[in-house]
file entry_34.pdb (PDB, C-alpha atoms)
ATOM      1  CA  MET O1311      -1.746 -18.959  -4.635
ATOM      2  CA  SER O1312       2.009 -19.485  -4.814
ATOM      3  CA  CYS O1313       4.509 -17.776  -2.535
ATOM      4  CA  VAL O1314       5.591 -15.490  -5.380
ATOM      5  CA  GLU O1315       2.016 -14.493  -6.140
ATOM      6  CA  ARG O1316       1.345 -13.879  -2.451
ATOM      7  CA  TYR O1317       4.503 -11.753  -2.191
ATOM      8  CA  GLU O1318       3.513  -9.734  -5.274
ATOM      9  CA  TYR O1319      -0.021  -9.284  -3.936
ATOM     10  CA  ASN O1320       1.288  -8.110  -0.548
ATOM     11  CA  HIS O1321       3.806  -5.830  -2.228
ATOM     12  CA  ILE O1322       1.105  -4.239  -4.391
ATOM     13  CA  ASN O1323      -1.107  -3.729  -1.336
ATOM     14  CA  HIS O1324       1.816  -2.137   0.518
ATOM     15  CA  LEU O1325       2.541   0.207  -2.404
ATOM     16  CA  ASP O1326      -1.148   1.055  -2.671
ATOM     17  CA  ALA O1327      -1.247   1.963   1.022
ATOM     18  CA  LYS O1328       1.880   4.117   0.631
ATOM     19  CA  LEU O1329       0.343   5.850  -2.388
ATOM     20  CA  ASP O1330      -2.770   6.618  -0.336
ATOM     21  CA  GLU O1331      -0.522   8.166   2.352
ATOM     22  CA  VAL O1332       1.282  10.312  -0.222
ATOM     23  CA  VAL O1333      -1.996  11.467  -1.763
ATOM     24  CA  ALA O1334      -3.318  12.428   1.683
ATOM     25  CA  ASP O1335      -0.086  14.280   2.502
ATOM     26  CA  VAL O1336      -0.196  16.206  -0.788
ATOM     27  CA  ALA O1337      -3.831  17.167  -0.170
ATOM     28  CA  SER O1338      -2.901  18.338   3.325
ATOM     29  CA  LEU O1339       0.037  20.365   2.030
ATOM     30  CA  LYS O1340      -2.172  21.984  -0.609
ATOM     31  CA  GLY O1341      -4.549  23.049   2.155
ATOM     32  CA  GLU O1342      -1.730  24.405   4.307
ATOM     33  CA  PHE O1343      -0.287  26.280   1.331
ATOM     34  CA  SER O1344      -3.666  27.787   0.587
ATOM     35  CA  ASP O1345      -3.979  28.903   4.217
ATOM     36  CA  LEU O1346      -0.501  30.465   4.133
ATOM     37  CA  LYS O1347      -1.313  32.214   0.885
ATOM     38  CA  GLY O1348      -4.409  33.714   2.511
ATOM     39  CA  GLU O1349      -2.413  34.847   5.536
ATOM     40  CA  PHE O1350       0.228  36.362   3.270
ATOM     41  CA  ASN O1351      -2.404  38.275   1.322
ATOM     42  CA  THR O1352      -3.878  39.587   4.573
ATOM     43  CA  LEU O1353      -0.452  40.762   5.749
ATOM     44  CA  LYS O1354       0.203  42.326   2.348
ATOM     45  CA  SER O1355      -3.077  44.255   2.574
ATOM     46  CA  GLU O1356      -2.284  45.418   6.110
ATOM     47  CA  PHE O1357       1.196  46.506   5.059
ATOM     48  CA  ASN O1358      -0.166  48.403   2.056
ATOM     49  CA  SER O1359      -2.692  50.211   4.268
ATOM     50  CA  LEU O1360       0.153  51.271   6.607
ATOM     51  CA  LYS O1361       2.131  52.718   3.687
ATOM     52  CA  LYS O1362      -0.660  55.188   2.862
TER      53      LYS O1362
END

call {"tool": "encode", "arguments": {"input": "entry_34.pdb", "output": "C-alpha coordinates"}}
result
Amino acid sequence: MSCVERYEYNHINHLDAKLDEVVADVASLKGEFSDLKGEFNTLKSEFNSLKK
(Lines of atoms letter the chains of each structure in order from A and count residues from 1; the text may use other names and numbers.)
(Lines give C-alpha, C1' and ligand atoms only; values in the text may rest on other atoms or scores of the structure.)
Protein backbone atom coordinates (compact mmCIF):
# COMPACT_ATOMS: atom_id res chain seq x y z
CA MET A 1 0.00 0.00 0.00
CA SER A 2 1.47 3.35 -1.00
CA CYS A 3 1.53 6.41 1.23
CA VAL A 4 -1.24 8.01 -0.83
CA GLU A 5 -3.43 4.93 -0.56
CA ARG A 6 -2.78 4.72 3.17
CA TYR A 7 -3.66 8.42 3.57
CA GLU A 8 -6.87 7.97 1.56
CA TYR A 9 -7.78 4.87 3.58
CA ASN A 10 -7.18 6.70 6.88
CA HIS A 11 -9.10 9.72 5.64
CA ILE A 12 -12.08 7.57 4.64
CA ASN A 13 -12.02 5.84 8.03
CA HIS A 14 -11.90 9.23 9.77
CA LEU A 15 -14.85 10.52 7.72
CA ASP A 16 -16.76 7.31 8.41
CA ALA A 17 -16.21 7.74 12.14
CA LYS A 18 -17.36 11.37 11.95
CA LEU A 19 -20.45 10.31 10.01
CA ASP A 20 -21.26 7.76 12.71
CA GLU A 21 -20.98 10.55 15.32
CA VAL A 22 -23.31 12.81 13.34
CA VAL A 23 -25.85 10.01 12.88
CA ALA A 24 -25.79 9.29 16.62
CA ASP A 25 -26.19 12.99 17.43
CA VAL A 26 -29.15 13.33 15.05
CA ALA A 27 -30.81 10.26 16.58
CA SER A 28 -30.27 11.74 20.04
CA LEU A 29 -31.70 15.10 19.00
CA LYS A 30 -34.75 13.39 17.49
CA GLY A 31 -35.34 11.67 20.83
CA GLU A 32 -34.92 14.91 22.78
CA PHE A 33 -37.27 16.71 20.39
CA SER A 34 -39.85 13.98 20.80
CA ASP A 35 -39.57 14.27 24.59
CA LEU A 36 -39.98 18.06 24.42
CA LYS A 37 -42.97 17.68 22.15
CA GLY A 38 -44.57 15.36 24.70
CA GLU A 39 -43.87 17.79 27.53
CA PHE A 40 -45.30 20.65 25.47
CA ASN A 41 -48.47 18.68 24.77
CA THR A 42 -48.83 17.92 28.48
CA LEU A 43 -48.45 21.61 29.35
CA LYS A 44 -50.91 22.54 26.61
CA SER A 45 -53.47 20.10 28.05
CA GLU A 46 -52.95 21.45 31.57
CA PHE A 47 -53.30 25.02 30.34
CA ASN A 48 -56.49 24.19 28.44
CA SER A 49 -57.98 22.54 31.54
CA LEU A 50 -57.23 25.71 33.56
CA LYS A 51 -59.03 27.88 30.99
CA LYS A 52 -62.32 26.02 31.54

call {"tool": "atom_distance", "arguments": {"input": "entry_34.pdb", "atom1": "atom CA of O:Lys1354", "atom2": "atom CA of O:Glu1342"}}
result
18.1 Å

call {"tool": "atom_distance", "arguments": {"input": "entry_34.pdb", "atom1": "atom CA of O:Tyr1317", "atom2": "atom CA of O:Asp1335"}}
result
26.8 Å

call {"tool": "atom_distance", "arguments": {"input": "entry_34.pdb", "atom1": "atom CA of O:Gly1348", "atom2": "atom CA of O:Val1333"}}
result
22.8 Å

call {"tool": "axis_aligned_box", "arguments": {"input": "entry_34.pdb", "around": "stretch 1339-1356 of chain O", "padding_each_side": "5 Å", "output": "JSON"}}
result
{"center_x": -2.2, "center_y": 32.9, "center_z": 2.8, "size_x": 14.8, "size_y": 35.1, "size_z": 16.7}

call {"tool": "build_atoms", "arguments": {"input": "entry_34.pdb", "residues": "stretch 1336-1349 of chain O", "atoms": "N, CA and C atoms", "output": "PDB file, keeping the file's coordinate frame"}}
result
ATOM      1  N   VAL O1336      -0.170  15.143   0.228  1.00  0.00           N
ATOM      2  CA  VAL O1336      -0.196  16.206  -0.788  1.00  0.00           C
ATOM      3  C   VAL O1336      -1.451  17.057  -0.611  1.00  0.00           C
ATOM      4  N   ALA O1337      -2.589  16.413  -0.375  1.00  0.00           N
ATOM      5  CA  ALA O1337      -3.831  17.167  -0.170  1.00  0.00           C
ATOM      6  C   ALA O1337      -3.709  18.071   1.055  1.00  0.00           C
ATOM      7  N   SER O1338      -3.091  17.552   2.113  1.00  0.00           N
ATOM      8  CA  SER O1338      -2.901  18.338   3.325  1.00  0.00           C
ATOM      9  C   SER O1338      -1.981  19.527   3.063  1.00  0.00           C
ATOM     10  N   LEU O1339      -0.904  19.281   2.344  1.00  0.00           N
ATOM     11  CA  LEU O1339       0.037  20.365   2.030  1.00  0.00           C
ATOM     12  C   LEU O1339      -0.616  21.429   1.155  1.00  0.00           C
ATOM     13  N   LYS O1340      -1.467  21.006   0.224  1.00  0.00           N
ATOM     14  CA  LYS O1340      -2.172  21.984  -0.609  1.00  0.00           C
ATOM     15  C   LYS O1340      -3.054  22.878   0.258  1.00  0.00           C
ATOM     16  N   GLY O1341      -3.713  22.272   1.246  1.00  0.00           N
ATOM     17  CA  GLY O1341      -4.549  23.049   2.155  1.00  0.00           C
ATOM     18  C   GLY O1341      -3.728  24.012   2.987  1.00  0.00           C
ATOM     19  N   GLU O1342      -2.601  23.539   3.505  1.00  0.00           N
ATOM     20  CA  GLU O1342      -1.730  24.405   4.307  1.00  0.00           C
ATOM     21  C   GLU O1342      -1.179  25.549   3.459  1.00  0.00           C
ATOM     22  N   PHE O1343      -0.799  25.249   2.215  1.00  0.00           N
ATOM     23  CA  PHE O1343      -0.287  26.280   1.331  1.00  0.00           C
ATOM     24  C   PHE O1343      -1.356  27.329   1.050  1.00  0.00           C
ATOM     25  N   SER O1344      -2.566  26.866   0.842  1.00  0.00           N
ATOM     26  CA  SER O1344      -3.666  27.787   0.587  1.00  0.00           C
ATOM     27  C   SER O1344      -3.897  28.691   1.795  1.00  0.00           C
ATOM     28  N   ASP O1345      -3.834  28.106   2.991  1.00  0.00           N
ATOM     29  CA  ASP O1345      -3.979  28.903   4.217  1.00  0.00           C
ATOM     30  C   ASP O1345      -2.867  29.948   4.329  1.00  0.00           C
ATOM     31  N   LEU O1346      -1.631  29.528   4.054  1.00  0.00           N
ATOM     32  CA  LEU O1346      -0.501  30.465   4.133  1.00  0.00           C
ATOM     33  C   LEU O1346      -0.626  31.569   3.097  1.00  0.00           C
ATOM     34  N   LYS O1347      -1.116  31.213   1.933  1.00  0.00           N
ATOM     35  CA  LYS O1347      -1.313  32.214   0.885  1.00  0.00           C
ATOM     36  C   LYS O1347      -2.333  33.260   1.338  1.00  0.00           C
ATOM     37  N   GLY O1348      -3.402  32.790   1.989  1.00  0.00           N
ATOM     38  CA  GLY O1348      -4.409  33.714   2.511  1.00  0.00           C
ATOM     39  C   GLY O1348      -3.837  34.618   3.590  1.00  0.00           C
ATOM     40  N   GLU O1349      -3.039  34.043   4.483  1.00  0.00           N
ATOM     41  CA  GLU O1349      -2.413  34.847   5.536  1.00  0.00           C
ATOM     42  C   GLU O1349      -1.446  35.872   4.931  1.00  0.00           C
TER      43      GLU O1349
END
